[in-house]
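Asks: run_23.pdb is reproduced in full below (PDB, C-alpha atoms).
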MODEL        1
ATOM      1  CA  MET A  21      79.783  33.938 128.881
ATOM      2  CA  ALA A  22      82.687  36.381 128.563
ATOM      3  CA  VAL A  23      85.247  33.550 128.636
ATOM      4  CA  PHE A  24      83.467  31.877 125.720
ATOM      5  CA  ASP A  25      83.522  35.123 123.734
ATOM      6  CA  ILE A  26      87.242  35.627 124.393
ATOM      7  CA  GLU A  27      88.002  32.037 123.405
ATOM      8  CA  ARG A  28      85.904  32.328 120.247
ATOM      9  CA  SER A  29      87.593  35.630 119.370
ATOM     10  CA  ARG A  30      91.028  34.030 119.751
ATOM     11  CA  THR A  31      89.973  31.120 117.564
ATOM     12  CA  ILE A  32      88.677  33.462 114.864
ATOM     13  CA  ALA A  33      91.823  35.604 115.075
ATOM     14  CA  GLY A  34      93.986  32.476 114.759
ATOM     15  CA  GLY A  35      92.053  31.353 111.687
ATOM     16  CA  ARG A  36      92.469  34.783 110.122
ATOM     17  CA  ALA A  37      96.191  34.742 110.890
ATOM     18  CA  VAL A  38      96.542  31.339 109.195
ATOM     19  CA  ALA A  39      94.628  32.639 106.178
ATOM     20  CA  ALA A  40      96.911  35.691 106.029
ATOM     21  CA  LEU A  41     100.048  33.542 106.203
ATOM     22  CA  LEU A  42      98.759  31.332 103.391
ATOM     23  CA  ALA A  43      97.959  34.416 101.297
ATOM     24  CA  VAL A  44     101.475  35.787 101.816
ATOM     25  CA  LEU A  45     102.993  32.414 100.880
ATOM     26  CA  SER A  46     100.849  32.359  97.752
ATOM     27  CA  LEU A  47     102.077  35.826  96.761
ATOM     28  CA  VAL A  48     105.704  34.854  97.384
ATOM     29  CA  HIS A  49     105.312  31.785  95.170
ATOM     30  CA  LEU A  50     103.693  33.957  92.478
ATOM     31  CA  CYS A  51     106.699  36.297  92.640
ATOM     32  CA  TRP A  52     109.071  33.363  92.314
ATOM     33  CA  ALA A  53     107.096  32.158  89.281
ATOM     34  CA  THR A  54     108.098  35.376  87.498
ATOM     35  CA  GLY A  55     111.782  34.519  87.924
ATOM     36  CA  LEU A  56     112.319  36.816  90.888
ATOM     37  CA  THR A  57     114.574  35.087  93.411
ATOM     38  CA  TRP A  58     114.028  37.433  96.349
ATOM     39  CA  PRO A  59     115.426  37.297  98.975
ATOM     40  CA  ALA A  60     118.280  35.288  97.433
ATOM     41  CA  ALA A  61     120.721  36.291  94.718
ATOM     42  CA  ASP A  62     119.852  33.414  92.384
ATOM     43  CA  GLU A  63     117.603  30.362  92.053
ATOM     44  CA  ARG A  64     120.215  27.935  93.402
ATOM     45  CA  THR A  65     120.777  29.990  96.561
ATOM     46  CA  LEU A  66     117.025  30.409  97.004
ATOM     47  CA  SER A  67     116.461  26.683  96.652
ATOM     48  CA  LEU A  68     119.188  25.827  99.152
ATOM     49  CA  ALA A  69     117.804  28.331 101.672
ATOM     50  CA  VAL A  70     114.153  27.293 101.311
ATOM     51  CA  LEU A  71     114.485  23.537 100.797
ATOM     52  CA  GLY A  72     118.036  22.597 101.695
ATOM     53  CA  SER A  73     118.657  21.148  98.225
ATOM     54  CA  VAL A  74     118.716  22.330  94.639
ATOM     55  CA  VAL A  75     115.351  22.087  92.896
ATOM     56  CA  SER A  76     113.587  24.151  90.277
ATOM     57  CA  PHE A  77     111.653  27.240  91.264
ATOM     58  CA  GLY A  78     110.220  27.518  87.766
ATOM     59  CA  PRO A  79     106.585  28.402  87.085
ATOM     60  CA  ALA A  80     105.593  24.752  86.598
ATOM     61  CA  VAL A  81     106.652  24.062  90.183
ATOM     62  CA  VAL A  82     105.660  27.211  92.076
ATOM     63  CA  LEU A  83     102.426  28.213  90.306
ATOM     64  CA  PRO A  84     100.506  25.124  91.509
ATOM     65  CA  LEU A  85     101.784  25.832  95.039
ATOM     66  CA  ALA A  86     100.624  29.441  94.768
ATOM     67  CA  ALA A  87      97.189  28.305  93.583
ATOM     68  CA  LEU A  88      96.903  25.750  96.381
ATOM     69  CA  GLU A  89      97.972  28.252  99.047
ATOM     70  CA  GLY A  90      95.677  30.952  97.667
ATOM     71  CA  SER A  91      92.702  28.591  97.602
ATOM     72  CA  ALA A  92      93.487  27.374 101.101
ATOM     73  CA  ALA A  93      93.796  30.973 102.334
ATOM     74  CA  PHE A  94      90.340  31.726 100.940
ATOM     75  CA  ALA A  95      88.780  28.610 102.499
ATOM     76  CA  VAL A  96      90.412  29.187 105.907
ATOM     77  CA  ALA A  97      89.276  32.830 105.872
ATOM     78  CA  LEU A  98      85.724  31.712 105.049
ATOM     79  CA  HIS A  99      85.803  29.196 107.863
ATOM     80  CA  ALA A 100      87.150  31.737 110.367
ATOM     81  CA  ARG A 101      84.368  34.125 109.374
ATOM     82  CA  GLY A 102      81.512  31.628 109.152
ATOM     83  CA  ARG A 103      78.623  31.455 111.556
ATOM     84  CA  ASP A 104      78.143  27.695 111.342
ATOM     85  CA  ARG A 105      81.795  26.729 111.720
ATOM     86  CA  ARG A 106      81.142  23.008 112.168
ATOM     87  CA  ARG A 107      80.392  22.084 108.556
ATOM     88  CA  GLY A 108      81.486  22.310 105.006
ATOM     89  CA  ILE A 109      84.496  22.366 102.772
ATOM     90  CA  PRO A 110      86.117  25.409 104.438
ATOM     91  CA  ARG A 111      86.296  23.465 107.705
ATOM     92  CA  LEU A 112      87.800  20.447 105.958
ATOM     93  CA  VAL A 113      90.373  22.644 104.233
ATOM     94  CA  THR A 114      91.212  24.307 107.555
ATOM     95  CA  ALA A 115      91.707  20.876 109.129
ATOM     96  CA  ALA A 116      93.868  19.764 106.187
ATOM     97  CA  VAL A 117      95.978  22.913 106.520
ATOM     98  CA  ALA A 118      96.391  22.174 110.236
ATOM     99  CA  VAL A 119      97.491  18.601 109.560
ATOM    100  CA  GLY A 120      99.897  19.696 106.819
ATOM    101  CA  MET A 121     101.487  22.435 108.908
ATOM    102  CA  LEU A 122     101.786  20.272 112.009
ATOM    103  CA  LEU A 123     103.290  17.452 109.955
ATOM    104  CA  ARG A 124     105.819  19.866 108.420
ATOM    105  CA  GLY A 125     106.583  21.150 111.915
ATOM    106  CA  ALA A 126     107.136  17.619 113.216
ATOM    107  CA  VAL A 127     109.410  16.765 110.291
ATOM    108  CA  GLY A 128     111.264  20.014 110.931
ATOM    109  CA  LEU A 129     111.824  19.020 114.562
ATOM    110  CA  VAL A 130     113.157  15.620 113.521
ATOM    111  CA  TRP A 131     115.417  17.263 110.956
ATOM    112  CA  ILE A 132     116.758  19.653 113.631
ATOM    113  CA  VAL A 133     117.655  16.713 115.874
ATOM    114  CA  VAL A 134     119.022  14.194 113.352
ATOM    115  CA  GLY A 135     119.692  16.248 110.227
ATOM    116  CA  ARG A 136     123.180  16.896 108.980
ATOM    117  CA  ASP A 137     124.000  19.483 106.368
ATOM    118  CA  GLY A 138     127.469  19.999 104.996
ATOM    119  CA  SER A 139     126.452  22.400 102.250
ATOM    120  CA  GLY A 140     126.919  25.516 104.360
ATOM    121  CA  THR A 141     123.470  26.831 103.400
ATOM    122  CA  ALA A 142     121.146  28.917 105.499
ATOM    123  CA  PHE A 143     118.497  26.175 105.520
ATOM    124  CA  PRO A 144     119.391  24.540 108.868
ATOM    125  CA  TRP A 145     119.102  27.901 110.635
ATOM    126  CA  LEU A 146     115.982  28.969 108.770
ATOM    127  CA  ASN A 147     114.401  25.590 109.457
ATOM    128  CA  ALA A 148     115.167  25.760 113.173
ATOM    129  CA  LEU A 149     114.371  29.430 113.748
ATOM    130  CA  VAL A 150     111.661  30.253 111.189
ATOM    131  CA  TYR A 151     110.053  27.410 109.219
ATOM    132  CA  THR A 152     109.486  24.853 111.982
ATOM    133  CA  PRO A 153     108.241  27.296 114.656
ATOM    134  CA  LEU A 154     105.901  28.991 112.158
ATOM    135  CA  CYS A 155     104.479  25.642 111.081
ATOM    136  CA  LEU A 156     103.900  24.525 114.667
ATOM    137  CA  VAL A 157     102.318  27.793 115.813
ATOM    138  CA  PHE A 158     100.143  28.309 112.738
ATOM    139  CA  GLY A 159      99.325  24.600 112.525
ATOM    140  CA  GLY A 160      98.068  24.768 116.099
ATOM    141  CA  ALA A 161      96.021  27.862 115.278
ATOM    142  CA  ALA A 162      94.518  26.131 112.242
ATOM    143  CA  LEU A 163      93.701  23.063 114.341
ATOM    144  CA  ARG A 164      91.995  25.224 116.940
ATOM    145  CA  ALA A 165      90.041  27.018 114.196
ATOM    146  CA  ALA A 166      88.987  23.719 112.619
ATOM    147  CA  ARG A 167      87.441  22.412 115.862
TER
ENDMDL
END
Can the structure in the file be given as structure tokens, please?

Replies:
Amino acid sequence: MAVFDIERSRTIAGGRAVAALLAVLSLVHLCWATGLTWPAADERTLSLAVLGSVVSFGPAVVLPLAALEGSAAFAVALHARGRDRRRGIPRLVTAAVAVGMLLRGAVGLVWIVVGRDGSGTAFPWLNALVYTPLCLVFGGAALRAAR
């Protein structure tokens, strides 16, 4: 019985960690929607570091992402907290988050192996050392929580 409790506790903790990460991402996107380019000096540098190419970080782009991440954080937190964790929209959202993160992690791995970047940006390093590992670890935690 104790092994089951430990396993369940780890699953709940993983779900809460995923929800927390999504909440932080939502807040970061909200900050970027105000025009703040932290941690970069300007929008171009931010875009190159986060995406590896130059795209807009204007409110029309980042506010929907913030709303999606915030909603997902809420649903994943509900699922991690729920007593009947086998049903409902929170479980489906948790599974969708898992699939999305694991897919991003897989694409990140492929990019690490075959990607070439001559722009001199920080993206290749951030992708290899931060973005891809976070997606794989938190995607796995979300998958475990969704089961």

Asks: For the provided coordinates, the residues matched by the PyMOL selection byres ((chain A and resi 161) around 12) should be stated as a short mmCIF file (atom, residue, chain, number, x, y, z; two decimals) with C-alpha atoms, in the coordinates of the input.

Replies:
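Below is the file that was written, result38.cif:
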data_model
loop_
_atom_site.label_atom_id
_atom_site.label_comp_id
_atom_site.auth_asym_id
_atom_site.auth_seq_id
_atom_site.Cartn_x
_atom_site.Cartn_y
_atom_site.Cartn_z
CA ARG A 30 91.03 34.03 119.75
CA THR A 31 89.97 31.12 117.56
CA ILE A 32 88.68 33.46 114.86
CA ALA A 33 91.82 35.60 115.08
CA GLY A 34 93.99 32.48 114.76
CA GLY A 35 92.05 31.35 111.69
CA ARG A 36 92.47 34.78 110.12
CA ALA A 37 96.19 34.74 110.89
CA VAL A 38 96.54 31.34 109.20
CA ALA A 39 94.63 32.64 106.18
CA LEU A 41 100.05 33.54 106.20
CA VAL A 96 90.41 29.19 105.91
CA ALA A 100 87.15 31.74 110.37
CA THR A 114 91.21 24.31 107.56
CA ALA A 115 91.71 20.88 109.13
CA VAL A 117 95.98 22.91 106.52
CA ALA A 118 96.39 22.17 110.24
CA VAL A 119 97.49 18.60 109.56
CA MET A 121 101.49 22.44 108.91
CA LEU A 122 101.79 20.27 112.01
CA LEU A 154 105.90 28.99 112.16
CA CYS A 155 104.48 25.64 111.08
CA LEU A 156 103.90 24.52 114.67
CA VAL A 157 102.32 27.79 115.81
CA PHE A 158 100.14 28.31 112.74
CA GLY A 159 99.32 24.60 112.52
CA GLY A 160 98.07 24.77 116.10
CA ALA A 162 94.52 26.13 112.24
CA LEU A 163 93.70 23.06 114.34
CA ARG A 164 92.00 25.22 116.94
CA ALA A 165 90.04 27.02 114.20
CA ALA A 166 88.99 23.72 112.62
CA ARG A 167 87.44 22.41 115.86
#

Asks: For atom CA of A:Leu71 and atom CA of A:Phe143, quote the distance in Å rounded to one decimal.

Replies: 6.7 Å

Asks: Could you state which residues are captured by the PyMOL selection byres ((chain A and resi 42) around 7) in this file, as a list in words?

Replies: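 Against this file, the PyMOL selection byres ((chain A and resi 42) around 7) returns the residues Val38, Ala39, Ala40, Leu41, Ala43, Val44, Leu45, Ser46, Glu89, Gly90, Ala92 and Ala93 of chain A.
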
Asks: Set the distance at 7 Å and use only C-alpha atoms: which residues neighbour A:Ala95 once local chain neighbours fewer than 3 positions away are removed? I'd like the list as a PyMOL selection string.

Replies: chain A and resi 91-92+98-99+110+113

Asks: Using the chain letters and residue numbers of this document, give as a VMD selection string the residues selected by the PyMOL selection byres ((chain A and resi 74-77) around 9).

Replies: chain A and resid 49 52 to 53 55 57 63 to 68 71 to 73 78 to 82

Asks: Could you check how far atom CA of A:Thr152 sits from atom CA of A:Val127, in Å to one decimal?

Replies: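 Separation between atom CA of A:Thr152 and atom CA of A:Val127: 8.3 Å.
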
Asks: With only C-alpha atoms as the atoms that count, which of A:Ile26, A:Ala148, A:Val48, A:Leu88 lies nearest to A:Ala116?

Replies: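 Result for the nearest residue to A:Ala116: A:Leu88.
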
Asks: Taking only C-alpha atoms into account, which of A:Gly125, A:Pro84, A:Pro59, A:Gly108 comes nearest A:Pro153?

Replies: A:Gly125
